[in-house]
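J.: One file: entry.cif (mmCIF, N, CA and C atoms and all ligand atoms).
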```
data_my_file
#
loop_
_atom_site.label_atom_id
_atom_site.label_comp_id
_atom_site.auth_asym_id
_atom_site.auth_seq_id
_atom_site.Cartn_x
_atom_site.Cartn_y
_atom_site.Cartn_z
N MET A 6 153.93 77.45 67.88
CA MET A 6 153.51 76.13 67.44
C MET A 6 152.00 76.06 67.28
N LYS A 7 151.60 75.20 66.35
CA LYS A 7 150.15 74.91 66.26
C LYS A 7 149.91 73.53 66.86
N ILE A 8 149.07 73.49 67.89
CA ILE A 8 148.82 72.24 68.62
C ILE A 8 147.33 71.93 68.59
N LEU A 9 147.04 70.69 68.25
CA LEU A 9 145.66 70.21 68.22
C LEU A 9 145.31 69.58 69.57
N ILE A 10 144.23 70.03 70.16
CA ILE A 10 143.73 69.41 71.40
C ILE A 10 142.51 68.58 70.99
N LEU A 11 142.69 67.28 71.01
CA LEU A 11 141.69 66.38 70.42
C LEU A 11 141.04 65.54 71.51
N ASN A 12 139.72 65.62 71.59
CA ASN A 12 138.98 64.90 72.62
C ASN A 12 137.99 63.93 72.00
N GLY A 13 137.93 62.73 72.54
CA GLY A 13 137.05 61.69 72.04
C GLY A 13 135.69 61.67 72.72
N PRO A 14 135.03 60.52 72.67
CA PRO A 14 133.62 60.40 73.05
C PRO A 14 133.33 60.75 74.50
N ASN A 15 132.17 61.38 74.66
CA ASN A 15 131.61 61.74 75.97
C ASN A 15 132.32 62.92 76.64
N LEU A 16 133.41 63.36 76.08
CA LEU A 16 134.13 64.46 76.73
C LEU A 16 133.43 65.80 76.48
N ASN A 17 132.47 65.81 75.56
CA ASN A 17 131.61 67.00 75.39
C ASN A 17 130.79 67.27 76.64
N THR A 18 130.59 66.24 77.46
CA THR A 18 129.74 66.41 78.66
C THR A 18 130.56 66.75 79.91
N LEU A 19 131.82 67.02 79.70
CA LEU A 19 132.70 67.34 80.83
C LEU A 19 132.11 68.47 81.68
N GLY A 20 132.13 68.29 82.98
CA GLY A 20 131.52 69.26 83.89
C GLY A 20 130.20 68.73 84.44
N LYS A 21 129.49 67.94 83.59
CA LYS A 21 128.22 67.34 84.03
C LYS A 21 128.39 65.86 84.27
N ARG A 22 129.38 65.28 83.59
CA ARG A 22 129.56 63.84 83.60
C ARG A 22 130.34 63.40 84.85
N GLU A 23 129.77 62.52 85.67
CA GLU A 23 130.46 61.95 86.83
C GLU A 23 131.49 62.94 87.42
N PRO A 24 131.00 64.07 87.97
CA PRO A 24 131.94 65.10 88.43
C PRO A 24 132.91 64.61 89.50
N GLU A 25 132.50 63.56 90.22
CA GLU A 25 133.41 63.03 91.26
C GLU A 25 134.64 62.36 90.63
N VAL A 26 134.51 61.98 89.35
CA VAL A 26 135.64 61.35 88.64
C VAL A 26 136.34 62.38 87.74
N TYR A 27 135.53 63.18 87.02
CA TYR A 27 136.09 64.03 85.97
C TYR A 27 136.10 65.53 86.30
N GLY A 28 135.58 65.88 87.50
CA GLY A 28 135.60 67.29 87.88
C GLY A 28 134.39 68.06 87.36
N THR A 29 134.34 69.33 87.71
CA THR A 29 133.17 70.15 87.38
C THR A 29 133.47 71.15 86.27
N GLN A 30 134.69 71.12 85.75
CA GLN A 30 135.03 72.08 84.69
C GLN A 30 134.73 71.48 83.32
N SER A 31 134.43 72.36 82.38
CA SER A 31 133.98 71.95 81.04
C SER A 31 135.10 72.10 80.01
N LEU A 32 134.80 71.70 78.77
CA LEU A 32 135.77 71.89 77.68
C LEU A 32 136.01 73.36 77.39
N THR A 33 135.01 74.20 77.69
CA THR A 33 135.19 75.65 77.53
C THR A 33 136.23 76.16 78.53
N ASP A 34 136.14 75.63 79.76
CA ASP A 34 137.14 76.00 80.78
C ASP A 34 138.53 75.53 80.35
N LEU A 35 138.60 74.34 79.74
CA LEU A 35 139.89 73.82 79.26
C LEU A 35 140.49 74.76 78.22
N LYS A 36 139.66 75.18 77.27
CA LYS A 36 140.13 76.08 76.20
C LYS A 36 140.69 77.37 76.80
N GLU A 37 139.94 77.95 77.74
CA GLU A 37 140.39 79.20 78.38
C GLU A 37 141.71 79.00 79.11
N MET A 38 141.81 77.89 79.84
CA MET A 38 143.01 77.60 80.63
C MET A 38 144.24 77.47 79.73
N ILE A 39 144.07 76.74 78.64
CA ILE A 39 145.22 76.48 77.75
C ILE A 39 145.64 77.75 77.01
N GLU A 40 144.65 78.47 76.50
CA GLU A 40 145.00 79.67 75.72
C GLU A 40 145.65 80.74 76.62
N LYS A 41 145.23 80.78 77.87
CA LYS A 41 145.83 81.74 78.80
C LYS A 41 147.26 81.32 79.17
N ALA A 42 147.47 80.02 79.33
CA ALA A 42 148.78 79.54 79.78
C ALA A 42 149.83 79.57 78.68
N PHE A 43 149.38 79.44 77.42
CA PHE A 43 150.33 79.35 76.30
C PHE A 43 149.97 80.37 75.21
N PRO A 44 150.09 81.68 75.54
CA PRO A 44 149.63 82.70 74.59
C PRO A 44 150.44 82.74 73.29
N GLU A 45 151.65 82.18 73.33
CA GLU A 45 152.50 82.24 72.14
C GLU A 45 152.17 81.15 71.13
N ASP A 46 151.35 80.20 71.51
CA ASP A 46 151.01 79.08 70.62
C ASP A 46 149.58 79.22 70.11
N SER A 47 149.30 78.51 68.99
CA SER A 47 147.92 78.51 68.52
C SER A 47 147.33 77.11 68.68
N PHE A 48 146.07 77.07 69.03
CA PHE A 48 145.42 75.80 69.35
C PHE A 48 144.16 75.61 68.53
N GLU A 49 143.93 74.36 68.18
CA GLU A 49 142.64 73.99 67.60
C GLU A 49 142.03 72.96 68.56
N PHE A 50 140.80 73.21 68.96
CA PHE A 50 140.13 72.31 69.91
C PHE A 50 139.04 71.54 69.16
N ILE A 51 139.14 70.22 69.23
CA ILE A 51 138.16 69.37 68.55
C ILE A 51 137.67 68.31 69.52
N GLN A 52 136.36 68.09 69.50
CA GLN A 52 135.80 66.96 70.26
C GLN A 52 134.86 66.22 69.32
N SER A 53 134.96 64.89 69.31
CA SER A 53 134.02 64.10 68.52
C SER A 53 133.66 62.81 69.24
N ASN A 54 132.39 62.45 69.07
CA ASN A 54 131.94 61.16 69.60
C ASN A 54 132.11 60.05 68.58
N GLU A 55 132.59 60.40 67.37
CA GLU A 55 132.68 59.45 66.25
C GLU A 55 134.13 59.02 66.03
N GLU A 56 134.38 57.75 66.09
CA GLU A 56 135.73 57.23 65.87
C GLU A 56 136.25 57.62 64.47
N GLY A 57 135.39 57.45 63.44
CA GLY A 57 135.80 57.76 62.06
C GLY A 57 136.19 59.21 61.89
N ALA A 58 135.46 60.11 62.53
CA ALA A 58 135.77 61.54 62.41
C ALA A 58 137.14 61.84 63.02
N ILE A 59 137.48 61.13 64.10
CA ILE A 59 138.79 61.35 64.73
C ILE A 59 139.89 60.79 63.84
N VAL A 60 139.66 59.60 63.24
CA VAL A 60 140.64 59.04 62.29
C VAL A 60 140.88 60.04 61.16
N THR A 61 139.80 60.57 60.61
CA THR A 61 139.92 61.52 59.48
C THR A 61 140.71 62.75 59.89
N ARG A 62 140.45 63.29 61.08
CA ARG A 62 141.18 64.49 61.52
C ARG A 62 142.66 64.17 61.73
N LEU A 63 142.95 62.98 62.26
CA LEU A 63 144.36 62.59 62.43
C LEU A 63 145.03 62.42 61.07
N ASN A 64 144.33 61.81 60.13
CA ASN A 64 144.89 61.63 58.77
C ASN A 64 145.23 62.98 58.13
N GLN A 65 144.40 63.97 58.37
CA GLN A 65 144.64 65.30 57.78
C GLN A 65 145.94 65.91 58.29
N CYS A 66 146.38 65.49 59.48
CA CYS A 66 147.63 66.03 60.05
C CYS A 66 148.86 65.59 59.26
N LEU A 67 148.70 64.59 58.37
CA LEU A 67 149.82 64.19 57.49
C LEU A 67 150.19 65.32 56.54
N ASP A 68 149.22 66.12 56.15
CA ASP A 68 149.42 67.14 55.11
C ASP A 68 149.27 68.56 55.61
N GLU A 69 149.12 68.72 56.92
CA GLU A 69 148.86 70.05 57.46
C GLU A 69 149.97 70.49 58.39
N PRO A 70 150.19 71.79 58.52
CA PRO A 70 151.22 72.26 59.46
C PRO A 70 150.75 72.23 60.92
N VAL A 71 150.52 71.02 61.44
CA VAL A 71 150.21 70.84 62.86
C VAL A 71 151.49 70.31 63.52
N ASP A 72 151.91 70.92 64.63
CA ASP A 72 153.20 70.56 65.23
C ASP A 72 153.10 69.49 66.30
N GLY A 73 151.91 69.27 66.83
CA GLY A 73 151.77 68.25 67.87
C GLY A 73 150.30 68.12 68.26
N ILE A 74 150.01 67.02 68.93
CA ILE A 74 148.62 66.73 69.32
C ILE A 74 148.57 66.29 70.78
N VAL A 75 147.64 66.86 71.52
CA VAL A 75 147.31 66.40 72.87
C VAL A 75 145.98 65.68 72.72
N PHE A 76 145.98 64.38 73.02
CA PHE A 76 144.87 63.52 72.60
C PHE A 76 144.29 62.76 73.80
N ASN A 77 143.02 63.03 74.08
CA ASN A 77 142.28 62.21 75.05
C ASN A 77 141.27 61.38 74.25
N PRO A 78 141.59 60.11 73.99
CA PRO A 78 140.70 59.30 73.15
C PRO A 78 139.47 58.77 73.90
N GLY A 79 139.28 59.15 75.18
CA GLY A 79 138.13 58.65 75.94
C GLY A 79 138.16 57.13 75.97
N ALA A 80 136.98 56.52 75.89
CA ALA A 80 136.90 55.05 75.96
C ALA A 80 137.56 54.37 74.76
N PHE A 81 137.73 55.09 73.64
CA PHE A 81 138.44 54.49 72.49
C PHE A 81 139.86 54.09 72.86
N THR A 82 140.39 54.74 73.90
CA THR A 82 141.73 54.41 74.42
C THR A 82 141.94 52.91 74.55
N HIS A 83 140.88 52.25 75.01
CA HIS A 83 141.03 50.88 75.47
C HIS A 83 140.83 49.83 74.38
N TYR A 84 140.36 50.26 73.17
CA TYR A 84 140.12 49.23 72.16
C TYR A 84 140.24 49.67 70.71
N SER A 85 140.58 50.93 70.44
CA SER A 85 140.55 51.36 69.03
C SER A 85 141.91 51.20 68.34
N TYR A 86 142.04 50.10 67.60
CA TYR A 86 143.26 49.91 66.79
C TYR A 86 143.29 50.90 65.62
N ALA A 87 142.12 51.33 65.16
CA ALA A 87 142.07 52.32 64.06
C ALA A 87 142.72 53.63 64.51
N LEU A 88 142.45 54.04 65.75
CA LEU A 88 143.06 55.28 66.25
C LEU A 88 144.55 55.08 66.49
N ARG A 89 144.93 53.90 66.96
CA ARG A 89 146.37 53.63 67.13
C ARG A 89 147.09 53.74 65.79
N ASP A 90 146.52 53.12 64.75
CA ASP A 90 147.14 53.18 63.42
C ASP A 90 147.24 54.62 62.93
N ALA A 91 146.18 55.40 63.17
CA ALA A 91 146.16 56.79 62.71
C ALA A 91 147.22 57.63 63.43
N VAL A 92 147.51 57.29 64.69
CA VAL A 92 148.57 57.99 65.43
C VAL A 92 149.95 57.51 64.95
N SER A 93 150.07 56.20 64.73
CA SER A 93 151.37 55.61 64.36
C SER A 93 151.97 56.23 63.11
N MET A 94 151.12 56.61 62.16
CA MET A 94 151.64 57.11 60.87
C MET A 94 152.11 58.56 60.93
N LEU A 95 151.85 59.25 62.03
CA LEU A 95 152.22 60.67 62.12
C LEU A 95 153.67 60.85 62.58
N ASN A 96 154.29 61.88 62.08
CA ASN A 96 155.68 62.17 62.47
C ASN A 96 155.76 63.39 63.38
N ILE A 97 154.71 63.66 64.09
CA ILE A 97 154.69 64.76 65.07
C ILE A 97 154.39 64.15 66.44
N PRO A 98 154.79 64.83 67.54
CA PRO A 98 154.50 64.25 68.86
C PRO A 98 153.01 64.24 69.17
N VAL A 99 152.54 63.06 69.56
CA VAL A 99 151.16 62.92 70.04
C VAL A 99 151.27 62.47 71.50
N VAL A 100 150.66 63.23 72.41
CA VAL A 100 150.70 62.89 73.83
C VAL A 100 149.29 62.49 74.27
N GLU A 101 149.16 61.27 74.78
CA GLU A 101 147.86 60.80 75.25
C GLU A 101 147.62 61.33 76.66
N VAL A 102 146.46 61.92 76.88
CA VAL A 102 146.15 62.45 78.22
C VAL A 102 144.81 61.90 78.70
N HIS A 103 144.72 61.79 80.03
CA HIS A 103 143.48 61.39 80.68
C HIS A 103 143.26 62.22 81.93
N LEU A 104 142.02 62.58 82.15
CA LEU A 104 141.67 63.34 83.34
C LEU A 104 141.87 62.49 84.59
N SER A 105 141.34 61.27 84.54
CA SER A 105 141.39 60.38 85.70
C SER A 105 142.67 59.55 85.67
N ASN A 106 143.00 58.98 86.82
CA ASN A 106 144.15 58.08 86.90
C ASN A 106 143.68 56.68 86.48
N LEU A 107 144.01 56.31 85.24
CA LEU A 107 143.51 55.04 84.69
C LEU A 107 143.88 53.85 85.56
N HIS A 108 145.02 53.96 86.21
CA HIS A 108 145.54 52.82 86.98
C HIS A 108 144.88 52.66 88.34
N ALA A 109 144.06 53.62 88.71
CA ALA A 109 143.34 53.54 89.98
C ALA A 109 141.87 53.18 89.75
N ARG A 110 141.54 52.78 88.50
CA ARG A 110 140.13 52.53 88.17
C ARG A 110 139.91 51.07 87.76
N GLU A 111 138.82 50.80 87.03
CA GLU A 111 138.52 49.43 86.61
C GLU A 111 139.68 48.87 85.79
N SER A 112 139.85 47.54 85.84
CA SER A 112 141.02 46.95 85.18
C SER A 112 141.01 47.19 83.67
N PHE A 113 139.82 47.28 83.03
CA PHE A 113 139.82 47.48 81.57
C PHE A 113 140.39 48.84 81.20
N ARG A 114 140.39 49.78 82.16
CA ARG A 114 140.93 51.11 81.84
C ARG A 114 142.45 51.18 81.98
N THR A 115 143.05 50.17 82.58
CA THR A 115 144.50 50.24 82.77
C THR A 115 145.24 49.99 81.46
N LYS A 116 144.55 49.46 80.45
CA LYS A 116 145.19 49.14 79.17
C LYS A 116 144.84 50.22 78.13
N SER A 117 145.86 50.83 77.55
CA SER A 117 145.65 51.70 76.40
C SER A 117 146.27 51.04 75.18
N VAL A 118 145.48 50.88 74.12
CA VAL A 118 146.04 50.32 72.87
C VAL A 118 146.66 51.42 72.02
N ILE A 119 146.52 52.67 72.45
CA ILE A 119 147.00 53.82 71.66
C ILE A 119 148.32 54.38 72.23
N ALA A 120 148.50 54.31 73.55
CA ALA A 120 149.64 54.99 74.19
C ALA A 120 150.98 54.55 73.63
N GLY A 121 151.10 53.28 73.23
CA GLY A 121 152.37 52.79 72.69
C GLY A 121 152.78 53.45 71.39
N ALA A 122 151.82 54.04 70.70
CA ALA A 122 152.12 54.75 69.45
C ALA A 122 152.35 56.24 69.70
N CYS A 123 152.18 56.65 70.96
CA CYS A 123 152.31 58.07 71.32
C CYS A 123 153.70 58.36 71.89
N ALA A 124 154.02 59.64 72.02
CA ALA A 124 155.28 60.02 72.67
C ALA A 124 155.25 59.63 74.14
N GLY A 125 154.06 59.64 74.74
CA GLY A 125 153.91 59.26 76.13
C GLY A 125 152.47 59.46 76.57
N GLN A 126 152.23 59.12 77.83
CA GLN A 126 150.87 59.21 78.37
C GLN A 126 150.88 59.95 79.71
N ILE A 127 149.89 60.82 79.91
CA ILE A 127 149.74 61.54 81.18
C ILE A 127 148.32 61.25 81.69
N SER A 128 148.21 60.87 82.95
CA SER A 128 146.91 60.39 83.45
C SER A 128 146.74 60.77 84.91
N GLY A 129 145.61 61.38 85.24
CA GLY A 129 145.29 61.53 86.66
C GLY A 129 145.29 62.94 87.21
N PHE A 130 145.46 63.95 86.39
CA PHE A 130 145.59 65.31 86.90
C PHE A 130 144.45 66.23 86.48
N GLY A 131 143.30 65.65 86.14
CA GLY A 131 142.17 66.48 85.72
C GLY A 131 142.54 67.32 84.51
N LEU A 132 142.02 68.54 84.44
CA LEU A 132 142.33 69.41 83.28
C LEU A 132 143.82 69.70 83.18
N PHE A 133 144.51 69.62 84.32
CA PHE A 133 145.95 69.90 84.30
C PHE A 133 146.71 68.84 83.48
N SER A 134 146.12 67.66 83.28
CA SER A 134 146.76 66.66 82.40
C SER A 134 147.00 67.26 81.00
N TYR A 135 146.05 68.10 80.55
CA TYR A 135 146.20 68.70 79.21
C TYR A 135 147.33 69.74 79.20
N MET A 136 147.45 70.48 80.31
CA MET A 136 148.54 71.48 80.39
C MET A 136 149.89 70.75 80.33
N LEU A 137 149.98 69.64 81.07
CA LEU A 137 151.21 68.84 81.02
C LEU A 137 151.41 68.28 79.62
N GLY A 138 150.31 67.91 78.97
CA GLY A 138 150.38 67.39 77.60
C GLY A 138 150.94 68.41 76.63
N VAL A 139 150.50 69.64 76.76
CA VAL A 139 151.02 70.71 75.89
C VAL A 139 152.51 70.90 76.16
N GLN A 140 152.89 70.90 77.43
CA GLN A 140 154.32 71.06 77.76
C GLN A 140 155.14 69.90 77.19
N ALA A 141 154.59 68.70 77.24
CA ALA A 141 155.30 67.53 76.70
C ALA A 141 155.46 67.65 75.19
N VAL A 142 154.44 68.12 74.48
CA VAL A 142 154.53 68.33 73.03
C VAL A 142 155.63 69.35 72.73
N LYS A 143 155.65 70.45 73.50
CA LYS A 143 156.64 71.50 73.28
C LYS A 143 158.05 70.99 73.59
N TYR A 144 158.17 70.18 74.64
CA TYR A 144 159.46 69.59 74.98
C TYR A 144 159.96 68.70 73.85
N ARG A 145 159.07 67.86 73.30
CA ARG A 145 159.47 66.96 72.23
C ARG A 145 159.93 67.73 71.00
N ASP A 146 159.33 68.91 70.82
CA ASP A 146 159.66 69.70 69.65
C ASP A 146 161.01 70.39 69.78
N THR A 147 161.42 70.72 71.03
CA THR A 147 162.62 71.52 71.20
C THR A 147 163.85 70.68 71.61
N ARG A 148 163.63 69.45 72.08
CA ARG A 148 164.78 68.69 72.56
C ARG A 148 165.67 68.28 71.39
N GLU A 149 166.90 67.98 71.71
CA GLU A 149 167.83 67.55 70.66
C GLU A 149 167.69 66.05 70.47
N GLY A 150 167.84 65.59 69.25
CA GLY A 150 167.83 64.16 68.96
C GLY A 150 166.45 63.58 68.85
C1 LIG B 1 139.16 59.13 80.19
C2 LIG B 1 139.27 57.72 80.79
C3 LIG B 1 138.53 56.70 79.92
O1 LIG B 1 138.63 55.40 80.50
C4 LIG B 1 137.07 57.08 79.83
O2 LIG B 1 136.39 56.17 78.97
C5 LIG B 1 136.86 58.48 79.38
C6 LIG B 1 137.70 59.52 79.99
C7 LIG B 1 139.82 60.18 81.11
O3 LIG B 1 140.09 61.27 80.61
O4 LIG B 1 140.04 59.94 82.30
O5 LIG B 1 135.99 58.79 78.60
O6 LIG B 1 139.83 59.16 78.95
#
```
Kindly transcribe the structure held in the file into structure tokens.
Ligand code: DQA
T.:
Amino acid sequence: MKILILNGPNLNTLGKREPEVYGTQSLTDLKEMIEKAFPEDSFEFIQSNEEGAIVTRLNQCLDEPVDGIVFNPGAFTHYSYALRDAVSMLNIPVVEVHLSNLHARESFRTKSVIAGACAGQISGFGLFSYMLGVQAVKYRDTREG
């Protein structure tokens, strides 16, 4: 399978950013972890601080052989209807992931406007949230019905 690992704003600073919340590992560590765990799959890793760039990349998935997306929209999670719309139009599994447990944090983080358009949401397991996200994409692809 070809799976897109898509990260939104501020996630480029992973490892330096509030390590007590987000851990000390970086996006480079994430790439290594995923590629090692799923050698039979191919991955594209994208991070952008720009909402429009993420919309454009999601739109491209309409015409490209991408089988699923593991998506951490960062703070866009909580207010971007444009990203929700861009996810809604896709016919491939999109799994929303978060490093932190959104439900244990500020009340504005407990609401995702995007998760309802996704196959599901995984939150609270650090980098392992992405590993679970990849497994969820693969499960959605192989299950019957
Ligand atoms: C985050 C949670 C968001 O609320 C926050 O804005 C982020 C990271 C997470 O992975 O825990 O940027 O998506």
J.: Name the closest residue to ligand LIG 1 (chain B) among the candidates A:Gln52, A:Thr29, A:Asn12, A:Gln65; distances are taken between atoms, counting only C-alpha atoms and all ligand atoms.
T.: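 Selected residue with least distance to ligand LIG 1 (chain B): A:Asn12.
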J.: Residues up to 8 Å from ligand LIG 1 (chain B), counting only C-alpha atoms and all ligand atoms: could you list those as number ranges by chain?
T.: A: 13-16, 26-27, 77-83, 102-107, 114, 128-129, 131
J.: So what do you get for atom C of A:Ala58 versus atom C of A:Asn17, distance-wise?
T.: 16.0 Å
J.: So which one's closest to A:Gly73, A:Lys41, A:Arg110, A:Lys143, A:Lys36? Using all atoms listed in the file, please.
T.: A:Lys143
J.: Report the residues of stretch 51-106 of chain A whose backbone DSSP state falls under strand (DSSP E or B), written as a list of chain:residue names.
T.: A:Ile51, A:Gln52, A:Gly73, A:Ile74, A:Val75, A:Phe76, A:Asn77, A:Val99, A:Val100, A:Glu101, A:Val102, A:His103
J.: What separation in Å, quoted to one decimal, exists between atom C of A:Glu25 and atom C of A:Glu101?
T.: 19.1 Å
J.: How far is it from atom CA of A:Gln126 to atom CA of A:Met94, in Å with one decimal?
T.: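 Going from atom CA of A:Gln126 over to atom CA of A:Met94 covers 17.6 Å.
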J.: Could you check the closest approach to A:Ala122 for each of A:His108, A:Arg89, A:Arg145, A:Lys7 and tell me which residue wins, using all atoms listed in the file?
T.: A:Arg89
J.: So, counting only C-alpha atoms, which residue among A:Val71, A:Val60, A:Leu132, A:Val142 is closest to A:Leu88?
T.: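 Of A:Val71, A:Val60, A:Leu132, A:Val142, the one nearest A:Leu88 is A:Val60, counting only C-alpha atoms.
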J.: Please give the centre and size of the box around stretch 90-97 of chain A (axis-aligned, containing every atom listed in the file, 3 Å added per side), with values in Å to one decimal and written as AutoDock Vina command-line options.
T.:
```
--center_x 151.0 --center_y 58.9 --center_z 63.7 --size_x 15.6 --size_y 17.6 --size_z 11.6
```
J.: Might you pull out every residue within 6.5 Å of A:Gly20, with only N, CA and C atoms counted and same-chain residues fewer than 3 positions away left off, and present them as a count of residues only?
T.: 8
J.: Which residue gives the smallest distance to A:Leu137 among A:Val100, A:Ile8, A:Ala120, A:Ile51, with all atoms listed in the file counted?
T.: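 Using all atoms listed in the file, A:Leu137 sits closest to A:Val100.
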J.: If DSSP is run on the backbone, what residues of stretch 28-99 of chain A are alpha helix (DSSP H)? A reply as number ranges by chain would be ideal.
T.: A: 32-42, 56-65, 86-93
J.: Would you kindly return, as number ranges by chain, each protein, DNA or RNA residue with an atom no farther than 9 Å from any atom of stretch 61-64 of chain A, considering only C-alpha atoms and excluding same-chain residues fewer than 3 positions away?
T.: A: 56-58, 67-68, 88, 91-92, 94-95
J.: From the set A:Val75, A:Met6, A:Glu55, A:Asp90, which residue has the shortest atom-to-atom contact distance to A:Tyr135, counting all atoms listed in the file?
T.: A:Val75
J.: Contacts of A:Phe50 at 6 Å or less, counting all atoms listed in the file, minus same-chain residues fewer than 4 places along, as JSON, numbers by chain?
T.: {"A": [9, 10, 11]}
J.: Within 8 Å of A:Ile39, counting only N, CA and C atoms, which residues qualify if same-chain residues fewer than 6 places away don't, as a list in words?
T.: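 Listed by chain and then number, they are Thr33, Phe48, Tyr135 and Met136 of chain A.
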